[in-house]
Structure formats: structure tokens, C-alpha cells
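Student: One file is attached below, entry_29.cif, containing mmCIF, C-alpha atoms.
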data_my_file
#
loop_
_atom_site.group_PDB
_atom_site.id
_atom_site.type_symbol
_atom_site.label_atom_id
_atom_site.label_comp_id
_atom_site.auth_asym_id
_atom_site.auth_seq_id
_atom_site.Cartn_x
_atom_site.Cartn_y
_atom_site.Cartn_z
ATOM 1 C CA MET E 1 18.255 8.694 -17.775
ATOM 2 C CA PRO E 2 17.841 7.435 -14.196
ATOM 3 C CA ALA E 3 18.409 9.863 -11.348
ATOM 4 C CA ILE E 4 20.351 7.148 -9.503
ATOM 5 C CA SER E 5 21.744 3.998 -11.074
ATOM 6 C CA PHE E 6 23.403 1.098 -9.251
ATOM 7 C CA GLN E 7 24.837 -1.302 -11.816
ATOM 8 C CA SER E 8 25.794 -4.736 -10.423
ATOM 9 C CA ILE E 9 27.462 -3.187 -7.380
ATOM 10 C CA SER E 10 29.170 -5.274 -4.720
ATOM 11 C CA LYS E 11 31.191 -4.294 -1.688
ATOM 12 C CA ALA E 12 33.434 -6.798 0.091
ATOM 13 C CA TYR E 13 35.043 -6.297 3.497
ATOM 14 C CA PRO E 14 37.500 -8.492 5.408
ATOM 15 C CA SER E 15 35.521 -11.020 7.399
ATOM 16 C CA PRO E 16 35.774 -10.394 11.165
ATOM 17 C CA LYS E 17 35.022 -14.051 11.936
ATOM 18 C CA GLY E 18 36.574 -16.086 9.138
ATOM 19 C CA PRO E 19 40.216 -16.992 8.516
ATOM 20 C CA SER E 20 42.640 -14.297 7.433
ATOM 21 C CA GLY E 21 42.045 -13.248 3.838
ATOM 22 C CA THR E 22 38.369 -14.161 3.765
ATOM 23 C CA THR E 23 35.721 -11.545 3.009
ATOM 24 C CA PHE E 24 32.004 -10.988 3.365
ATOM 25 C CA LEU E 25 29.772 -9.064 0.982
ATOM 26 C CA ALA E 26 28.002 -6.110 2.560
ATOM 27 C CA VAL E 27 26.364 -5.485 -0.828
ATOM 28 C CA ASP E 28 26.045 -8.397 -3.216
ATOM 29 C CA GLY E 29 25.501 -7.656 -6.911
ATOM 30 C CA VAL E 30 22.720 -5.067 -6.572
ATOM 31 C CA SER E 31 21.288 -3.467 -9.709
ATOM 32 C CA LEU E 32 18.731 -0.725 -9.212
ATOM 33 C CA ASP E 33 17.561 2.329 -11.154
ATOM 34 C CA ILE E 34 15.670 5.182 -9.481
ATOM 35 C CA GLU E 35 13.944 7.475 -11.949
ATOM 36 C CA GLU E 36 13.910 11.274 -11.886
ATOM 37 C CA GLY E 37 11.193 12.670 -9.644
ATOM 38 C CA GLU E 38 10.669 9.471 -7.654
ATOM 39 C CA PHE E 39 10.266 9.316 -3.901
ATOM 40 C CA PHE E 40 11.976 5.965 -3.361
ATOM 41 C CA GLY E 41 12.349 3.926 -0.182
ATOM 42 C CA LEU E 42 15.301 1.658 0.579
ATOM 43 C CA LEU E 43 14.374 -0.544 3.531
ATOM 44 C CA GLY E 44 16.084 -3.326 5.418
ATOM 45 C CA PRO E 45 17.178 -4.490 8.862
ATOM 46 C CA ASN E 46 20.411 -3.284 10.447
ATOM 47 C CA GLY E 47 23.358 -4.656 8.496
ATOM 48 C CA ALA E 48 21.365 -5.182 5.302
ATOM 49 C CA GLY E 49 23.666 -2.891 3.262
ATOM 50 C CA LYS E 50 21.612 0.312 3.034
ATOM 51 C CA THR E 51 24.245 2.689 4.398
ATOM 52 C CA THR E 52 26.973 0.958 2.394
ATOM 53 C CA MET E 53 24.980 1.612 -0.780
ATOM 54 C CA ILE E 54 24.534 5.267 0.184
ATOM 55 C CA SER E 55 28.244 5.571 0.993
ATOM 56 C CA MET E 56 29.063 4.260 -2.494
ATOM 57 C CA LEU E 57 26.522 6.660 -4.002
ATOM 58 C CA ALA E 58 28.102 9.588 -2.139
ATOM 59 C CA GLY E 59 31.618 8.563 -3.167
ATOM 60 C CA LEU E 60 32.687 7.821 0.409
ATOM 61 C CA THR E 61 33.203 4.124 -0.311
ATOM 62 C CA ARG E 62 34.463 2.540 -3.517
ATOM 63 C CA PRO E 63 32.497 -0.454 -4.771
ATOM 64 C CA THR E 64 34.477 -3.667 -5.096
ATOM 65 C CA SER E 65 32.728 -4.148 -8.438
ATOM 66 C CA GLY E 66 30.041 -2.399 -10.446
ATOM 67 C CA GLN E 67 29.288 1.264 -11.099
ATOM 68 C CA VAL E 68 27.147 3.988 -9.526
ATOM 69 C CA SER E 69 25.947 7.139 -11.274
ATOM 70 C CA VAL E 70 23.876 10.223 -10.463
ATOM 71 C CA LEU E 71 21.965 11.676 -13.418
ATOM 72 C CA GLY E 72 24.495 10.109 -15.770
ATOM 73 C CA SER E 73 27.603 11.195 -13.849
ATOM 74 C CA ASN E 74 29.750 8.331 -12.598
ATOM 75 C CA VAL E 75 30.500 8.871 -8.901
ATOM 76 C CA GLN E 76 34.154 7.829 -9.400
ATOM 77 C CA SER E 77 35.249 8.987 -12.848
ATOM 78 C CA ASP E 78 33.062 12.122 -12.839
ATOM 79 C CA PHE E 79 32.982 12.698 -9.091
ATOM 80 C CA ALA E 80 32.762 16.512 -9.121
ATOM 81 C CA GLN E 81 29.604 16.582 -11.247
ATOM 82 C CA ALA E 82 28.076 13.667 -9.342
ATOM 83 C CA ARG E 83 28.536 15.450 -6.003
ATOM 84 C CA ARG E 84 27.002 18.690 -7.290
ATOM 85 C CA LYS E 85 23.865 16.766 -8.238
ATOM 86 C CA LEU E 86 23.567 15.053 -4.870
ATOM 87 C CA GLY E 87 22.622 16.134 -1.346
ATOM 88 C CA VAL E 88 23.056 13.575 1.449
ATOM 89 C CA VAL E 89 21.689 13.711 4.995
ATOM 90 C CA PRO E 90 23.779 11.163 6.953
ATOM 91 C CA GLN E 91 22.747 9.154 10.001
ATOM 92 C CA GLU E 92 25.491 10.604 12.190
ATOM 93 C CA LEU E 93 25.321 14.070 13.728
ATOM 94 C CA VAL E 94 28.397 15.681 12.147
ATOM 95 C CA PHE E 95 28.971 19.401 12.683
ATOM 96 C CA ASP E 96 31.685 22.038 12.907
ATOM 97 C CA PRO E 97 31.726 23.493 16.444
ATOM 98 C CA PHE E 98 33.358 26.785 15.413
ATOM 99 C CA PHE E 99 30.516 28.327 13.386
ATOM 100 C CA ASN E 100 26.933 29.383 13.869
ATOM 101 C CA VAL E 101 24.133 27.925 11.770
ATOM 102 C CA ARG E 102 24.096 30.584 9.072
ATOM 103 C CA GLU E 103 27.881 30.507 8.730
ATOM 104 C CA ALA E 104 27.809 26.710 8.402
ATOM 105 C CA LEU E 105 25.312 26.947 5.561
ATOM 106 C CA ARG E 106 27.292 29.689 3.788
ATOM 107 C CA ILE E 107 30.463 27.602 4.018
ATOM 108 C CA GLN E 108 28.598 24.580 2.651
ATOM 109 C CA SER E 109 27.411 26.726 -0.261
ATOM 110 C CA GLY E 110 31.027 27.667 -0.926
ATOM 111 C CA TYR E 111 32.043 24.017 -1.175
ATOM 112 C CA PHE E 112 29.839 23.803 -4.265
ATOM 113 C CA GLY E 113 30.819 27.199 -5.667
ATOM 114 C CA VAL E 114 27.372 28.679 -5.002
ATOM 115 C CA LYS E 115 27.567 32.438 -4.390
ATOM 116 C CA ASN E 116 24.963 34.961 -3.206
ATOM 117 C CA ASN E 117 22.877 32.164 -1.730
ATOM 118 C CA ASP E 118 21.391 34.023 1.263
ATOM 119 C CA ALA E 119 17.821 34.031 -0.075
ATOM 120 C CA TRP E 120 17.765 30.230 -0.341
ATOM 121 C CA ILE E 121 19.513 29.884 3.020
ATOM 122 C CA ASP E 122 16.795 32.062 4.583
ATOM 123 C CA GLU E 123 14.122 29.852 3.000
ATOM 124 C CA LEU E 124 15.803 26.727 4.351
ATOM 125 C CA LEU E 125 16.050 28.225 7.823
ATOM 126 C CA GLU E 126 12.371 29.174 7.748
ATOM 127 C CA SER E 127 11.161 25.879 6.274
ATOM 128 C CA LEU E 128 13.107 23.793 8.792
ATOM 129 C CA GLY E 129 12.236 25.885 11.843
ATOM 130 C CA LEU E 130 15.773 27.226 12.283
ATOM 131 C CA SER E 131 15.236 30.962 11.830
ATOM 132 C CA ASP E 132 15.543 31.718 15.548
ATOM 133 C CA LYS E 133 18.742 29.615 15.714
ATOM 134 C CA ALA E 134 20.494 31.184 12.721
ATOM 135 C CA GLU E 135 23.081 32.991 14.848
ATOM 136 C CA ALA E 136 23.481 30.202 17.441
ATOM 137 C CA ASN E 137 26.728 28.256 17.570
ATOM 138 C CA MET E 138 26.355 24.652 16.458
ATOM 139 C CA ARG E 139 27.560 23.444 19.870
ATOM 140 C CA GLN E 140 24.572 25.123 21.536
ATOM 141 C CA LEU E 141 21.956 23.207 19.545
ATOM 142 C CA SER E 142 20.018 20.183 20.699
ATOM 143 C CA GLY E 143 20.334 16.911 18.801
ATOM 144 C CA GLY E 144 17.091 17.571 16.934
ATOM 145 C CA MET E 145 18.237 21.054 15.893
ATOM 146 C CA LYS E 146 21.581 19.708 14.720
ATOM 147 C CA ARG E 147 19.636 17.198 12.603
ATOM 148 C CA ARG E 148 17.719 20.082 11.014
ATOM 149 C CA VAL E 149 20.994 21.808 10.155
ATOM 150 C CA LEU E 150 22.257 18.612 8.491
ATOM 151 C CA VAL E 151 19.166 18.610 6.297
ATOM 152 C CA ALA E 152 19.713 22.277 5.427
ATOM 153 C CA GLN E 153 23.374 21.620 4.561
ATOM 154 C CA ALA E 154 22.382 18.775 2.241
ATOM 155 C CA LEU E 155 19.928 21.059 0.423
ATOM 156 C CA VAL E 156 21.882 24.326 0.401
ATOM 157 C CA HIS E 157 23.210 23.856 -3.165
ATOM 158 C CA LYS E 158 19.735 22.857 -4.469
ATOM 159 C CA PRO E 159 20.686 19.320 -5.541
ATOM 160 C CA PRO E 160 18.278 17.566 -7.931
ATOM 161 C CA VAL E 161 18.825 14.284 -6.028
ATOM 162 C CA ILE E 162 18.302 14.137 -2.246
ATOM 163 C CA VAL E 163 19.372 11.173 -0.099
ATOM 164 C CA LEU E 164 17.990 10.868 3.436
ATOM 165 C CA ASP E 165 19.667 8.181 5.544
ATOM 166 C CA GLU E 166 17.544 7.719 8.687
ATOM 167 C CA PRO E 167 16.789 11.469 8.824
ATOM 168 C CA THR E 168 14.248 11.266 11.669
ATOM 169 C CA ALA E 169 16.064 8.799 13.936
ATOM 170 C CA GLY E 170 15.653 9.983 17.518
ATOM 171 C CA VAL E 171 13.980 13.290 16.704
ATOM 172 C CA ASP E 172 10.702 14.786 17.878
ATOM 173 C CA VAL E 173 7.332 14.663 16.157
ATOM 174 C CA GLU E 174 7.475 18.350 15.222
ATOM 175 C CA LEU E 175 10.688 17.917 13.244
ATOM 176 C CA ARG E 176 9.356 14.835 11.498
ATOM 177 C CA GLN E 177 6.260 16.687 10.344
ATOM 178 C CA THR E 178 8.204 19.816 9.343
ATOM 179 C CA LEU E 179 10.820 17.807 7.469
ATOM 180 C CA TRP E 180 8.351 15.677 5.530
ATOM 181 C CA GLN E 181 6.245 18.649 4.512
ATOM 182 C CA PHE E 182 9.314 20.386 3.119
ATOM 183 C CA ILE E 183 10.784 17.288 1.423
ATOM 184 C CA ALA E 184 7.396 16.404 -0.094
ATOM 185 C CA LYS E 185 7.220 19.933 -1.529
ATOM 186 C CA LEU E 186 10.688 19.570 -3.073
ATOM 187 C CA ASN E 187 9.698 16.190 -4.514
ATOM 188 C CA LYS E 188 6.626 17.743 -6.147
ATOM 189 C CA GLN E 189 8.920 20.352 -7.653
ATOM 190 C CA GLY E 190 10.871 17.566 -9.374
ATOM 191 C CA HIS E 191 13.604 16.597 -6.908
ATOM 192 C CA THR E 192 14.342 12.895 -6.639
ATOM 193 C CA VAL E 193 14.339 11.567 -3.064
ATOM 194 C CA LEU E 194 15.938 8.363 -1.786
ATOM 195 C CA LEU E 195 14.933 7.522 1.781
ATOM 196 C CA THR E 196 16.118 4.916 4.260
ATOM 197 C CA THR E 197 14.155 4.667 7.494
ATOM 198 C CA HIS E 198 13.113 2.234 10.210
ATOM 199 C CA TYR E 199 9.842 4.167 10.616
ATOM 200 C CA LEU E 200 7.932 2.128 8.065
ATOM 201 C CA GLU E 201 4.790 4.246 8.382
ATOM 202 C CA GLU E 202 6.861 7.109 6.913
ATOM 203 C CA ALA E 203 7.945 4.988 3.966
ATOM 204 C CA GLU E 204 4.375 3.801 3.378
ATOM 205 C CA ALA E 205 3.035 7.367 3.396
ATOM 206 C CA LEU E 206 5.788 8.974 1.308
ATOM 207 C CA CYS E 207 7.407 6.476 -1.060
ATOM 208 C CA GLY E 208 5.915 5.580 -4.414
ATOM 209 C CA ARG E 209 8.273 2.644 -4.862
ATOM 210 C CA ILE E 210 10.252 0.553 -2.386
ATOM 211 C CA ALA E 211 13.173 -1.873 -2.426
ATOM 212 C CA MET E 212 13.812 -4.175 0.520
ATOM 213 C CA LEU E 213 17.335 -5.392 1.271
ATOM 214 C CA LYS E 214 18.398 -8.501 3.156
ATOM 215 C CA SER E 215 22.057 -9.503 3.589
ATOM 216 C CA GLY E 216 23.175 -7.166 0.810
ATOM 217 C CA ARG E 217 20.614 -8.334 -1.767
ATOM 218 C CA ILE E 218 17.304 -6.959 -2.972
ATOM 219 C CA VAL E 219 14.559 -9.338 -1.853
ATOM 220 C CA ALA E 220 11.552 -7.198 -2.837
ATOM 221 C CA LEU E 221 11.110 -4.317 -5.303
ATOM 222 C CA ASP E 222 7.781 -2.868 -6.362
ATOM 223 C CA ARG E 223 5.412 0.037 -6.071
ATOM 224 C CA THR E 224 4.285 0.564 -2.488
ATOM 225 C CA SER E 225 0.662 -0.009 -3.450
ATOM 226 C CA GLU E 226 1.522 -3.356 -5.066
ATOM 227 C CA LEU E 227 3.521 -4.516 -2.044
ATOM 228 C CA LEU E 228 0.545 -3.723 0.191
ATOM 229 C CA LYS E 229 -1.871 -5.373 -2.230
ATOM 230 C CA ALA E 230 0.193 -8.569 -2.088
ATOM 231 C CA ALA E 231 -0.428 -8.843 1.659
ATOM 232 C CA SER E 232 -3.068 -11.555 1.676
ATOM 233 C CA SER E 233 -4.320 -11.204 5.231
ATOM 234 C CA ASN E 234 -5.820 -8.732 7.643
ATOM 235 C CA VAL E 235 -4.349 -8.291 11.106
ATOM 236 C CA LEU E 236 -6.057 -9.115 14.397
ATOM 237 C CA ARG E 237 -4.743 -6.753 17.078
ATOM 238 C CA PHE E 238 -5.446 -6.718 20.810
ATOM 239 C CA LYS E 239 -3.825 -6.259 24.209
ATOM 240 C CA VAL E 240 -3.279 -8.838 26.941
ATOM 241 C CA ASP E 241 -2.003 -8.776 30.496
ATOM 242 C CA GLY E 242 0.171 -11.860 30.720
ATOM 243 C CA VAL E 243 2.320 -14.133 28.584
ATOM 244 C CA LEU E 244 0.893 -16.036 25.634
ATOM 245 C CA PRO E 245 1.545 -19.789 25.486
ATOM 246 C CA ARG E 246 4.411 -20.684 23.141
ATOM 247 C CA ILE E 247 2.073 -22.298 20.602
ATOM 248 C CA LEU E 248 0.377 -18.901 20.169
ATOM 249 C CA ALA E 249 3.396 -16.658 20.644
ATOM 250 C CA ASP E 250 5.181 -18.403 17.764
ATOM 251 C CA GLN E 251 2.443 -17.168 15.401
ATOM 252 C CA ALA E 252 2.195 -13.609 16.736
ATOM 253 C CA ARG E 253 3.987 -10.293 16.557
ATOM 254 C CA ILE E 254 4.220 -9.125 20.157
ATOM 255 C CA THR E 255 5.186 -5.609 21.308
ATOM 256 C CA GLY E 256 4.811 -5.301 25.064
ATOM 257 C CA ARG E 257 1.110 -5.874 25.772
ATOM 258 C CA ILE E 258 0.127 -5.590 22.100
ATOM 259 C CA VAL E 259 -0.397 -8.864 20.209
ATOM 260 C CA GLN E 260 -0.987 -9.092 16.451
ATOM 261 C CA PHE E 261 -1.944 -12.162 14.389
ATOM 262 C CA PRO E 262 -2.315 -12.442 10.607
ATOM 263 C CA ALA E 263 -5.924 -13.448 9.973
ATOM 264 C CA HIS E 264 -7.415 -14.347 6.605
ATOM 265 C CA ASP E 265 -11.086 -14.688 7.542
ATOM 266 C CA ALA E 266 -13.636 -14.493 10.364
ATOM 267 C CA LEU E 267 -13.176 -18.153 11.277
ATOM 268 C CA GLU E 268 -9.451 -17.645 11.809
ATOM 269 C CA ILE E 269 -10.053 -14.518 13.895
ATOM 270 C CA GLU E 270 -12.564 -16.387 16.059
ATOM 271 C CA GLY E 271 -10.107 -19.258 16.444
ATOM 272 C CA PHE E 272 -7.291 -17.028 17.677
ATOM 273 C CA LEU E 273 -9.535 -15.280 20.187
ATOM 274 C CA THR E 274 -10.867 -18.621 21.435
ATOM 275 C CA ALA E 275 -7.343 -19.963 21.853
ATOM 276 C CA VAL E 276 -6.338 -16.853 23.815
ATOM 277 C CA ARG E 277 -9.375 -17.192 26.064
ATOM 278 C CA GLU E 278 -8.706 -20.906 26.637
ATOM 279 C CA SER E 279 -5.153 -20.020 27.695
ATOM 280 C CA GLY E 280 -6.624 -18.059 30.595
ATOM 281 C CA LEU E 281 -5.966 -14.585 29.141
ATOM 282 C CA VAL E 282 -8.378 -11.815 28.214
ATOM 283 C CA ALA E 283 -8.070 -10.015 24.856
ATOM 284 C CA GLN E 284 -8.626 -6.283 25.342
ATOM 285 C CA ASP E 285 -9.202 -3.469 22.806
ATOM 286 C CA VAL E 286 -9.702 -5.958 19.983
ATOM 287 C CA GLU E 287 -9.519 -4.563 16.448
ATOM 288 C CA ILE E 288 -9.046 -5.819 12.908
ATOM 289 C CA ARG E 289 -7.004 -3.748 10.479
ATOM 290 C CA LYS E 290 -5.559 -4.002 7.002
ATOM 291 C CA ALA E 291 -1.980 -5.207 6.711
ATOM 292 C CA ASP E 292 0.466 -2.291 6.546
ATOM 293 C CA LEU E 293 4.006 -1.951 5.236
ATOM 294 C CA GLU E 294 5.475 -3.208 8.515
ATOM 295 C CA ASP E 295 3.524 -6.450 8.132
ATOM 296 C CA VAL E 296 4.736 -6.806 4.542
ATOM 297 C CA PHE E 297 8.321 -6.029 5.561
ATOM 298 C CA LEU E 298 8.377 -8.603 8.363
ATOM 299 C CA ASP E 299 6.842 -11.222 6.082
ATOM 300 C CA VAL E 300 9.451 -10.585 3.362
ATOM 301 C CA MET E 301 12.322 -10.699 5.867
ATOM 302 C CA GLN E 302 11.084 -13.963 7.401
ATOM 303 C CA LYS E 303 10.628 -15.602 4.007
ATOM 304 C CA ASN E 304 14.212 -14.688 3.104
ATOM 305 C CA SER E 305 15.791 -15.684 6.417
ATOM 306 C CA GLY E 306 15.323 -19.421 6.060
ATOM 307 C CA GLN E 307 13.539 -19.285 9.417
ATOM 308 C CA ALA E 308 10.029 -18.332 8.438
ATOM 309 C CA LYS E 309 7.354 -18.968 11.016
ATOM 310 C CA PRO E 310 5.163 -21.999 10.302
ATOM 311 C CA PRO E 311 1.618 -21.282 9.137
ATOM 312 C CA ALA E 312 -0.702 -20.482 12.002
ATOM 313 C CA SER E 313 -2.822 -23.447 12.960
ATOM 314 C CA ILE E 314 -5.795 -22.647 15.151
ATOM 315 C CA ALA E 315 -6.629 -26.317 15.507
ATOM 316 C CA GLN E 316 -3.123 -27.117 16.782
ATOM 317 C CA ALA E 317 -3.230 -24.211 19.247
ATOM 318 C CA GLN E 318 -6.650 -25.195 20.574
ATOM 319 C CA GLU E 319 -5.627 -28.845 20.829
ATOM 320 C CA ALA E 320 -2.453 -27.940 22.731
ATOM 321 C CA LEU E 321 -4.416 -25.751 25.131
ATOM 322 C CA ALA E 322 -7.274 -28.209 25.647
#
Using the file provided, produce a representation of the structure as C-alpha cells.
Tutor:
Amino acid sequence: MPAISFQSISKAYPSPKGPSGTTFLAVDGVSLDIEEGEFFGLLGPNGAGKTTMISMLAGLTRPTSGQVSVLGSNVQSDFAQARRKLGVVPQELVFDPFFNVREALRIQSGYFGVKNNDAWIDELLESLGLSDKAEANMRQLSGGMKRRVLVAQALVHKPPVIVLDEPTAGVDVELRQTLWQFIAKLNKQGHTVLLTTHYLEEAEALCGRIAMLKSGRIVALDRTSELLKAASSNVLRFKVDGVLPRILADQARITGRIVQFPAHDALEIEGFLTAVRESGLVAQDVEIRKADLEDVFLDVMQKNSGQAKPPASIAQAQEALA
């Protein structure tokens, strides 16, 4: 029995741009099973349908078609059981301003009928670095501390399935490390974890299997190791002071001063560096690394956008710069 099962789910919304009565599909016929005990990553650009899928899983949004279940419990027809089996950490910072942290967790326990839960609440507070904030009103907490409380609330009833929707967005390094240590421990104890994140290094380090969404459809689904193995090139990385010529920039991933090119062999690496030099720029801090999940993700998204970059041609770049 899968921990989470999406069966041919679609979700249509009124189209904001089309004529009256037209719709667009935020999720388009997705079928996906996540097995018990998996640490699973659901990745995609903004608007790909990740949060819509989680909203349907949590029972906050009804699918237009298809079914969703948690450990065999349908989230619509057997909603009470499905919710007891599920803990969701949402993107938004949602909190009740009238209670302190411990009271908020006790109330959350009560929602699920869990009594005498103080020992587990104390463990959550300790594990998430909230012990010294237990008696603080929620309004007094920083954004990062509020995020920790959201995680604790999602886990307070000990759900076998944990959903983390961008749990580390905008939070400090300490929280990220604390959170992942604790979630990894729960996963080893048998909890299933579904993660969405834009920090792809987190997904690469934590997730055993990954699905990538684009425009409401799954465009890649495999074990993380297999996705990385399919990346056929290394990456040439360096820094430059200045703007690359268009013929080079079209082939590169550029972040500020950092430039990265896919490079299959030494000849290609030499060609890129020569072309940069002939453009009048100096490559600094040059390194060659293995392709990571971010490289794979960008490649998959480009291939499924209909606007993939043309293959890099060193000869064309050198000829244009000659």
C-alpha cells in the first residue's frame, strides 16, 4: 500500500486570460505513488502545480478529477482518517496570536484527539530549538521561529506521513540544519516524507527519489542517483568581471559573476576558456565539477519548455569572436 497515491488527478481553474468559461489545468492528469518510508522530492518551477497537489493531498482543494489517498484512506470520502495520518508544513506563516508556543502545540494535539502529549511536545521543542521559547507568545517570535512552530504543529500528532512545502524558505542556516537532522531521524524511524523545495542541494542530499513537474505534468521521475547519472556532462565553472558576448552567454548559466558551461571533455573545456579569453575577459577561480541536481533540473525544464538552448558550439563562438 503506498503512503501517498495520486491517481490521475487534475485540477482546473477559471482561466484569468481566456474568454469567460475557459479553464486552465494547474495539475494535468498526474499519477504518482510514494511508498512507505520514502524521502521523496517534488520539484518544479513556480506555477508548476506542486502546492496544488499538496492542497489536494491535505484536503484543502478538491481535485477536478482523480483520487488522492494517504495510506489507503481517501482524502475526500475518508477525510478524518486521512488527516490523522498526515502532517503538513505549509509555505505560509500561519499562527494564532493569542497563545504561546506550548499552548499552540497542545491545542493542535487536541484537534487530533491526542491526550497527555506533553512528553512528545517537549521532545519537539527540544529537537527544533524551541525550548527557550515555549512560553513566548506566537506574536513575539521571529519568522524563523514561527517556521519552527509550524513544523512542530505538523508533527505533534506523530503522523506517519509528513509533507514539507518549502519548509526552509527564507530561514537561517541553523534552522535548516536542525530541521533536516530531525526530519532525517524521523524518516529512518519509518515516517514517509514528501518535500518540495527550491533549494535543490537539499533535495539532492535528502531525497531517494524525485519527480519534476512542469505545467502541471510530471516530466521526470526516477531515483536521485539515476537522474544524476543521466547527466552526461561535467560543468566548467569560473568567475568573470564583465559581460559575456551573446554567443557565449546563450550557452551558459550565469549568476552574477559566476559563469557555468556544460562540458563533455577537455577539448570542449579548452574551447570555452579560449573563447572567453578571445572576448577580452579573464576567467578567474576556474574549476570543473560533476553535474548536480540543479544542472539536471534546468536541463529537464529546458527540454520540456520548447525553448531549449541550442547545443554549445565552440567553433561558432570562436568564429564569431575572431
Student: Write out as JSON lines a residue-level contact list of region 79-141 of chain E versus region 175-178 of chain E with cut-off 12 Å: for each qualifying residue the closest pair of atoms and the distance in Å to one decimal, counting all atoms listed in the file, rows sorted by chain and residue number upward.
Tutor:
{"residue": "E:Leu124", "atom": "CA", "partner": "E:Thr178", "partner_atom": "CA", "distance": 11.4}
{"residue": "E:Leu125", "atom": "CA", "partner": "E:Thr178", "partner_atom": "CA", "distance": 11.6}
{"residue": "E:Glu126", "atom": "CA", "partner": "E:Thr178", "partner_atom": "CA", "distance": 10.4}
{"residue": "E:Ser127", "atom": "CA", "partner": "E:Thr178", "partner_atom": "CA", "distance": 7.4}
{"residue": "E:Leu128", "atom": "CA", "partner": "E:Thr178", "partner_atom": "CA", "distance": 6.3}
{"residue": "E:Gly129", "atom": "CA", "partner": "E:Thr178", "partner_atom": "CA", "distance": 7.7}
{"residue": "E:Leu130", "atom": "CA", "partner": "E:Leu175", "partner_atom": "CA", "distance": 10.7}
Student: List as a PyMOL selection string the protein and nucleic acid residues near region 34-43 of chain E, meaning an atom at most 7 Å away when only C-alpha atoms are counted, but skip any in the same chain fewer than 5 places from it.
Tutor: chain E and resi 2-5+50+187+190-197+203+206-213
Student: What would the selection look like, as a CSV table (one decimal) with C-alpha atoms, in the frame of the given file, if the PyMOL selection byres ((chain E and resi 285-290) around 10) were run on the coordinates I just shared?
Tutor:
chain,number,residue,atom,x,y,z
E,228,LEU,CA,0.5,-3.7,0.2
E,231,ALA,CA,-0.4,-8.8,1.7
E,232,SER,CA,-3.1,-11.6,1.7
E,233,SER,CA,-4.3,-11.2,5.2
E,234,ASN,CA,-5.8,-8.7,7.6
E,235,VAL,CA,-4.3,-8.3,11.1
E,236,LEU,CA,-6.1,-9.1,14.4
E,237,ARG,CA,-4.7,-6.8,17.1
E,238,PHE,CA,-5.4,-6.7,20.8
E,239,LYS,CA,-3.8,-6.3,24.2
E,240,VAL,CA,-3.3,-8.8,26.9
E,258,ILE,CA,0.1,-5.6,22.1
E,259,VAL,CA,-0.4,-8.9,20.2
E,260,GLN,CA,-1.0,-9.1,16.5
E,261,PHE,CA,-1.9,-12.2,14.4
E,262,PRO,CA,-2.3,-12.4,10.6
E,263,ALA,CA,-5.9,-13.4,10.0
E,269,ILE,CA,-10.1,-14.5,13.9
E,273,LEU,CA,-9.5,-15.3,20.2
E,282,VAL,CA,-8.4,-11.8,28.2
E,283,ALA,CA,-8.1,-10.0,24.9
E,284,GLN,CA,-8.6,-6.3,25.3
E,291,ALA,CA,-2.0,-5.2,6.7
E,292,ASP,CA,0.5,-2.3,6.5
E,293,LEU,CA,4.0,-2.0,5.2
E,295,ASP,CA,3.5,-6.4,8.1
Student: Give me the residues near Leu86 (chain E) as a list of chain:residue names, where near means some atom within 7 Å (using all atoms listed in the file) and where sequence neighbours in that chain fewer than 3 positions away do not count.
Tutor: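 My list of contacting residues is E:Ala82, E:Arg83, E:Pro159, E:Pro160, E:Val161, E:Ile162.
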Student: Evaluated on this file, the PyMOL selection byres ((chain E and resi 12-29) around 12) picks out some residues - which ones are they, written as a ChimeraX atom specification?
Tutor: /E:6-11,30-32,46-56,61-67,213-219
Student: Box for region 191-209 of chain E - axis-aligned, 4 Å on each of the six sides, all listed atoms - centre and size in Å to one decimal, as JSON.
Tutor:
{"center_x": 9.6, "center_y": 9.4, "center_z": 1.9, "size_x": 21.1, "size_y": 22.5, "size_z": 25.5}
Student: Could you state which residues are captured by the PyMOL selection byres ((chain E and resi 97) around 10) in this file, as a PDB file with C-alpha atoms, keeping the file's coordinate frame?
Tutor:
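Saved the output as selection-v4.pdb:
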ATOM      1  CA  VAL E  94      28.397  15.681  12.147  1.00  0.00           C
ATOM      2  CA  PHE E  95      28.971  19.401  12.683  1.00  0.00           C
ATOM      3  CA  ASP E  96      31.685  22.038  12.907  1.00  0.00           C
ATOM      4  CA  PHE E  98      33.358  26.785  15.413  1.00  0.00           C
ATOM      5  CA  PHE E  99      30.516  28.327  13.386  1.00  0.00           C
ATOM      6  CA  ASN E 100      26.933  29.383  13.869  1.00  0.00           C
ATOM      7  CA  VAL E 101      24.133  27.925  11.770  1.00  0.00           C
ATOM      8  CA  ALA E 104      27.809  26.710   8.402  1.00  0.00           C
ATOM      9  CA  ASN E 137      26.728  28.256  17.570  1.00  0.00           C
ATOM     10  CA  MET E 138      26.355  24.652  16.458  1.00  0.00           C
ATOM     11  CA  ARG E 139      27.560  23.444  19.870  1.00  0.00           C
ATOM     12  CA  GLN E 140      24.572  25.123  21.536  1.00  0.00           C
TER      13      GLN E 140
END
Student: May I ask for the distance between CA of Ala184 (chain E) and CA of Glu204 (chain E), given in Å to one decimal place?
Tutor: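 CA of Glu204 (chain E) lies at a distance of 13.4 Å from CA of Ala184 (chain E).
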Student: Nearest residue to Ile121 (chain E) out of E:Ser77, E:Ser279, E:Gln302, E:Gln108, using only C-alpha atoms?
Tutor: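 Ranked by minimum distance to Ile121 (chain E), first place goes to E:Gln108.
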Student: Please compute the CA of Gly72 (chain E)-CA of Glu92 (chain E) distance, one decimal, in Å.
Tutor: 28.0 Å
Student: Would you mind reading off the distance between CA of Met1 (chain E) and CA of Leu71 (chain E), one decimal, in Å?
Tutor: 6.5 Å
Student: With all atoms listed in the file as the basis for distance, which of E:Pro45, E:Val163, E:Ile183, E:Leu155 is at the shortest distance from Val70 (chain E)?
Tutor: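 Among the listed residues, E:Val163 lies closest to Val70 (chain E).
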Student: Which one of E:Thr255, E:Gln153, E:Gln189, E:Thr274 sits closest to Glu103 (chain E) if you count all atoms listed in the file?
Tutor: E:Gln153
Student: Ranking E:Gly44, E:Glu174, E:Lys188, E:Gly144 by minimum distance to Val296 (chain E) and counting only C-alpha atoms, which one comes first?
Tutor: E:Gly44
